[in-house]
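See structure below.
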Amino acid sequence: MKEVREVNCVVKSINEVLPGVFSISFVSGSIFTNAQPGQFVQVEVSGDAFPVTRRPITINRLTEDGFELLFDVVGRGTRTLSCVEPGEVLRVLGPLGHGWQIDKQKSWLLVGGGLGAAGFAFIQDSEESVQIVIGASSADRVVPLQNSTIITEDGSIGSKGLVTDLLTDELVKSVDSIAICGPVAMMEAVWNKIAVDQRHKVQVSSESRMGCGWGVCDGCSIPMASGGYKKCCKEGPVFLGKDIDWKRWKEAGL
């Protein structure tokens, strides 16, 4: 892991891009320029007693003067974050975790489930050959990304069906690397759809809940195929698909 810093970051802008989904941009200068796609930050959303823990959010992309995050309002902490105003200063710790294994000579297929596609923009900005497929329940859960193929369960945008319907053998074989992020059940379905001889290409970003963000609390442990667990925050959040015990992970509901 590269150098981790805790810094005061100025909120440059905040916008609701989907119902309950916000894009927030911070000015941080060159502090986070060493961040890699797939890494995350821990944001102190309030200086008050609540919330006690910071909120972990994947870096959506780097900007000229800082970085951008995309987050869903799911509780009091993220609701507090959604109410900040441009010009406010928040404490941010990062970059944290291990991101995608990037190689500019490779072609990528990014498979996102709903808000799991947050952070894919960072890969797009870093790689030259990227294809994206996004599956969601409805149009209001689709992350806006350029050049993406969309499928929704209700057919409100794109075609109607599940993201696995888009994963043809030809598409999978045409790329060097596959990135998956979304709910565990969705990611397991994608993993099962990919032929065994193609699974070596797969990397998975976990959305397990994190408390501390640096490996102390053990709250985000992921079951490994070799036995035992690895911590999403410190040894992930990106893992090779073949290293995960998918059955135990799905049953645990992590």
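Ligands are numbered from 1 in the order shown, residues from 1 within each chain, and chains are lettered A, B, ... in the order they appear in the structure tokens.
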
Contact residues around region 91-106 of chain A with only C-alpha atoms at 8 Å, ignoring same-chain residues under 3 positions, as number ranges by chain: A: 1-9, 32, 34-45, 126-129, 175-177, 179, 203, 213-214, 232-238

Residues within 12 Å of Lys250 (chain A), please, as an MDAnalysis selection string. Count only C-alpha atoms; anything in the same chain fewer than 3 positions from it doesn't count. chainID A and resid 183:189 206 208 222:223 244:247 253:254

Please produce a file of the residues just selected, as an mmCIF file, in the first residue's frame, where the atoms kept are N, CA and C atoms.
```
data_model
loop_
_atom_site.group_PDB
_atom_site.id
_atom_site.type_symbol
_atom_site.label_atom_id
_atom_site.label_comp_id
_atom_site.auth_asym_id
_atom_site.auth_seq_id
_atom_site.Cartn_x
_atom_site.Cartn_y
_atom_site.Cartn_z
ATOM 1 N N PRO A 183 -23.632 -6.125 -5.613
ATOM 2 C CA PRO A 183 -24.072 -7.009 -4.535
ATOM 3 C C PRO A 183 -23.466 -8.406 -4.685
ATOM 4 N N VAL A 184 -23.243 -9.079 -3.572
ATOM 5 C CA VAL A 184 -22.586 -10.385 -3.607
ATOM 6 C C VAL A 184 -23.348 -11.382 -4.481
ATOM 7 N N ALA A 185 -24.672 -11.420 -4.374
ATOM 8 C CA ALA A 185 -25.451 -12.372 -5.170
ATOM 9 C C ALA A 185 -25.274 -12.117 -6.654
ATOM 10 N N MET A 186 -25.226 -10.840 -7.028
ATOM 11 C CA MET A 186 -25.019 -10.494 -8.439
ATOM 12 C C MET A 186 -23.630 -10.906 -8.897
ATOM 13 N N MET A 187 -22.615 -10.647 -8.064
ATOM 14 C CA MET A 187 -21.245 -10.986 -8.449
ATOM 15 C C MET A 187 -21.060 -12.493 -8.548
ATOM 16 N N GLU A 188 -21.703 -13.247 -7.647
ATOM 17 C CA GLU A 188 -21.619 -14.706 -7.722
ATOM 18 C C GLU A 188 -22.265 -15.209 -9.012
ATOM 19 N N ALA A 189 -23.379 -14.609 -9.398
ATOM 20 C CA ALA A 189 -24.054 -15.022 -10.631
ATOM 21 C C ALA A 189 -23.167 -14.755 -11.843
ATOM 22 N N SER A 206 -15.040 -5.921 -3.352
ATOM 23 C CA SER A 206 -16.043 -6.197 -2.333
ATOM 24 C C SER A 206 -16.692 -4.915 -1.829
ATOM 25 N N SER A 208 -18.170 -5.021 1.192
ATOM 26 C CA SER A 208 -18.379 -5.338 2.601
ATOM 27 C C SER A 208 -18.280 -4.091 3.469
ATOM 28 N N ILE A 222 -13.514 -11.302 4.428
ATOM 29 C CA ILE A 222 -14.044 -12.044 3.288
ATOM 30 C C ILE A 222 -13.509 -13.478 3.351
ATOM 31 N N PRO A 223 -14.382 -14.508 3.242
ATOM 32 C CA PRO A 223 -13.910 -15.898 3.289
ATOM 33 C C PRO A 223 -13.118 -16.262 2.030
ATOM 34 N N ILE A 244 -11.648 -16.293 -3.736
ATOM 35 C CA ILE A 244 -12.802 -16.126 -2.856
ATOM 36 C C ILE A 244 -13.574 -17.440 -2.710
ATOM 37 N N ASP A 245 -14.037 -17.725 -1.494
ATOM 38 C CA ASP A 245 -14.954 -18.830 -1.268
ATOM 39 C C ASP A 245 -16.359 -18.275 -1.475
ATOM 40 N N TRP A 246 -16.881 -18.408 -2.684
ATOM 41 C CA TRP A 246 -18.133 -17.771 -3.055
ATOM 42 C C TRP A 246 -19.315 -18.306 -2.244
ATOM 43 N N LYS A 247 -19.324 -19.592 -1.970
ATOM 44 C CA LYS A 247 -20.437 -20.185 -1.230
ATOM 45 C C LYS A 247 -20.517 -19.604 0.182
ATOM 46 N N GLY A 253 -23.675 -13.371 3.890
ATOM 47 C CA GLY A 253 -24.353 -12.094 3.638
ATOM 48 C C GLY A 253 -23.487 -10.899 3.944
ATOM 49 N N LEU A 254 -22.171 -11.024 3.725
ATOM 50 C CA LEU A 254 -21.236 -9.946 4.064
ATOM 51 C C LEU A 254 -21.253 -8.851 3.033
#
```

Assign secondary structure with DSSP using the backbone only, and return the residues of region 29-187 of chain A in strand (DSSP E) as a VMD selection string. chain A and resid 40 to 44 55 to 63 66 to 72 89 to 96 107 to 113 129 to 136 148 to 152 159 to 160 177 to 181

Among listed residues A:Gly114, A:Gly66, A:Gly47, A:Pro86, nearest Ser13 (chain A) (using only C-alpha atoms):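 For Ser13 (chain A), the nearest of the given residues is A:Pro86.
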
Let me make sure I understand: among A:Pro144, A:Gly112, A:Gly119, A:Gly29, which one has the smallest atom-to-atom distance to Ile57 (chain A) if we use only C-alpha atoms?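 When distances to Ile57 (chain A) are compared using only C-alpha atoms, the smallest one comes from A:Gly119.
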
For CA of Leu70 (chain A) and CA of Phe22 (chain A), determine how far apart the two atoms are, in Å to one decimal place.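 Distance between the two atoms: 5.7 Å.
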
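Within 12 Å of Arg141 (chain A), once only C-alpha atoms are used and residues closer than 4 positions along the same chain are dropped, the contacting residues are Val17, Leu18, Pro19, Gly20, Val21, Phe22, Phe71, Asp72, Gly112, Gly113, Gly114, Leu115, Gly116, Ala117, Ala118, Ile134, Gly135, Ala136, Ser137, Ile150, Ile151, Thr152, Glu153, Asp154, Ser156, Ile157 and Gly182 of chain A.
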
Write out the residues from the selection above, keeping C-alpha atoms, as a compact mmCIF listing (two decimals), in the first residue's frame.
```txt
# COMPACT_ATOMS: atom_id res chain seq x y z
CA VAL A 17 -26.97 12.55 -9.86
CA LEU A 18 -29.66 9.91 -9.19
CA PRO A 19 -32.39 9.79 -6.54
CA GLY A 20 -30.49 9.46 -3.27
CA VAL A 21 -27.14 9.15 -5.04
CA PHE A 22 -24.65 12.00 -4.79
CA PHE A 71 -22.16 7.56 -2.78
CA ASP A 72 -25.62 6.28 -1.95
CA GLY A 112 -21.30 -3.43 -12.48
CA GLY A 113 -24.41 -4.07 -10.44
CA GLY A 114 -26.23 -0.83 -9.64
CA LEU A 115 -24.03 1.50 -7.57
CA GLY A 116 -21.28 -1.11 -7.77
CA ALA A 117 -20.23 0.69 -10.96
CA ALA A 118 -19.04 3.63 -8.86
CA ILE A 134 -24.20 -2.36 -16.08
CA GLY A 135 -27.18 -4.15 -14.62
CA ALA A 136 -29.66 -2.55 -12.22
CA SER A 137 -33.21 -2.89 -10.97
CA ILE A 150 -27.18 -1.12 -19.78
CA ILE A 151 -29.75 -3.70 -18.79
CA THR A 152 -32.46 -3.25 -16.15
CA GLU A 153 -34.83 -5.68 -14.51
CA ASP A 154 -37.85 -3.53 -15.35
CA SER A 156 -36.85 1.25 -17.88
CA ILE A 157 -33.49 1.87 -19.57
CA GLY A 182 -21.95 -5.02 -6.99
```

Looking at A:Phe122, A:Phe26, A:Trp191, A:Trp108, which one is nearest to Gly241 (chain A), with distances taken over only C-alpha atoms?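 Among A:Phe122, A:Phe26, A:Trp191, A:Trp108, it is A:Trp191 that comes nearest to Gly241 (chain A).
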
Which of these residues is nearest to Ala252 (chain A), using only C-alpha atoms: A:Arg61, A:Val10, A:Lys230, A:Ser221?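 Using only C-alpha atoms, the shortest distance to Ala252 (chain A) belongs to A:Ser221.
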
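Going from CA of Ile24 (chain A) to CA of Glu68 (chain A) covers 5.7 Å.
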
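Counting only C-alpha atoms and comparing A:Thr149, A:Ser226, A:Ser28, A:Ser205, the residue that lies closest to Asp165 (chain A) is A:Thr149.
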
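Considering only C-alpha atoms, the residue among A:Val89, A:Thr63, A:Lys12, A:Val216 positioned nearest to Ser46 (chain A) is A:Val89.
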
Just list as a list of chain:residue names whatever in region 46-86 of chain A DSSP marks as helix (DSSP H, G or I). A:Arg76, A:Gly77, A:Thr78, A:Arg79, A:Thr80, A:Leu81, A:Ser82

Selection export as a PDB file, in the first residue's frame, atoms kept: N, CA and C atoms:
```
ATOM      1  N   ARG A  76     -27.703   7.418   8.456  1.00  0.00           N
ATOM      2  CA  ARG A  76     -27.518   8.776   8.984  1.00  0.00           C
ATOM      3  C   ARG A  76     -26.185   9.391   8.575  1.00  0.00           C
ATOM      4  N   GLY A  77     -25.148   8.543   8.494  1.00  0.00           N
ATOM      5  CA  GLY A  77     -23.839   9.075   8.130  1.00  0.00           C
ATOM      6  C   GLY A  77     -23.797   9.626   6.718  1.00  0.00           C
ATOM      7  N   THR A  78     -24.244   8.819   5.749  1.00  0.00           N
ATOM      8  CA  THR A  78     -24.240   9.282   4.362  1.00  0.00           C
ATOM      9  C   THR A  78     -25.290  10.377   4.140  1.00  0.00           C
ATOM     10  N   ARG A  79     -26.371  10.360   4.927  1.00  0.00           N
ATOM     11  CA  ARG A  79     -27.346  11.452   4.828  1.00  0.00           C
ATOM     12  C   ARG A  79     -26.709  12.764   5.281  1.00  0.00           C
ATOM     13  N   THR A  80     -25.902  12.693   6.343  1.00  0.00           N
ATOM     14  CA  THR A  80     -25.186  13.889   6.806  1.00  0.00           C
ATOM     15  C   THR A  80     -24.231  14.385   5.732  1.00  0.00           C
ATOM     16  N   LEU A  81     -23.529  13.453   5.091  1.00  0.00           N
ATOM     17  CA  LEU A  81     -22.584  13.828   4.046  1.00  0.00           C
ATOM     18  C   LEU A  81     -23.302  14.478   2.866  1.00  0.00           C
ATOM     19  N   SER A  82     -24.489  14.005   2.554  1.00  0.00           N
ATOM     20  CA  SER A  82     -25.226  14.556   1.412  1.00  0.00           C
ATOM     21  C   SER A  82     -25.670  15.995   1.630  1.00  0.00           C
TER      22      SER A  82
END
```
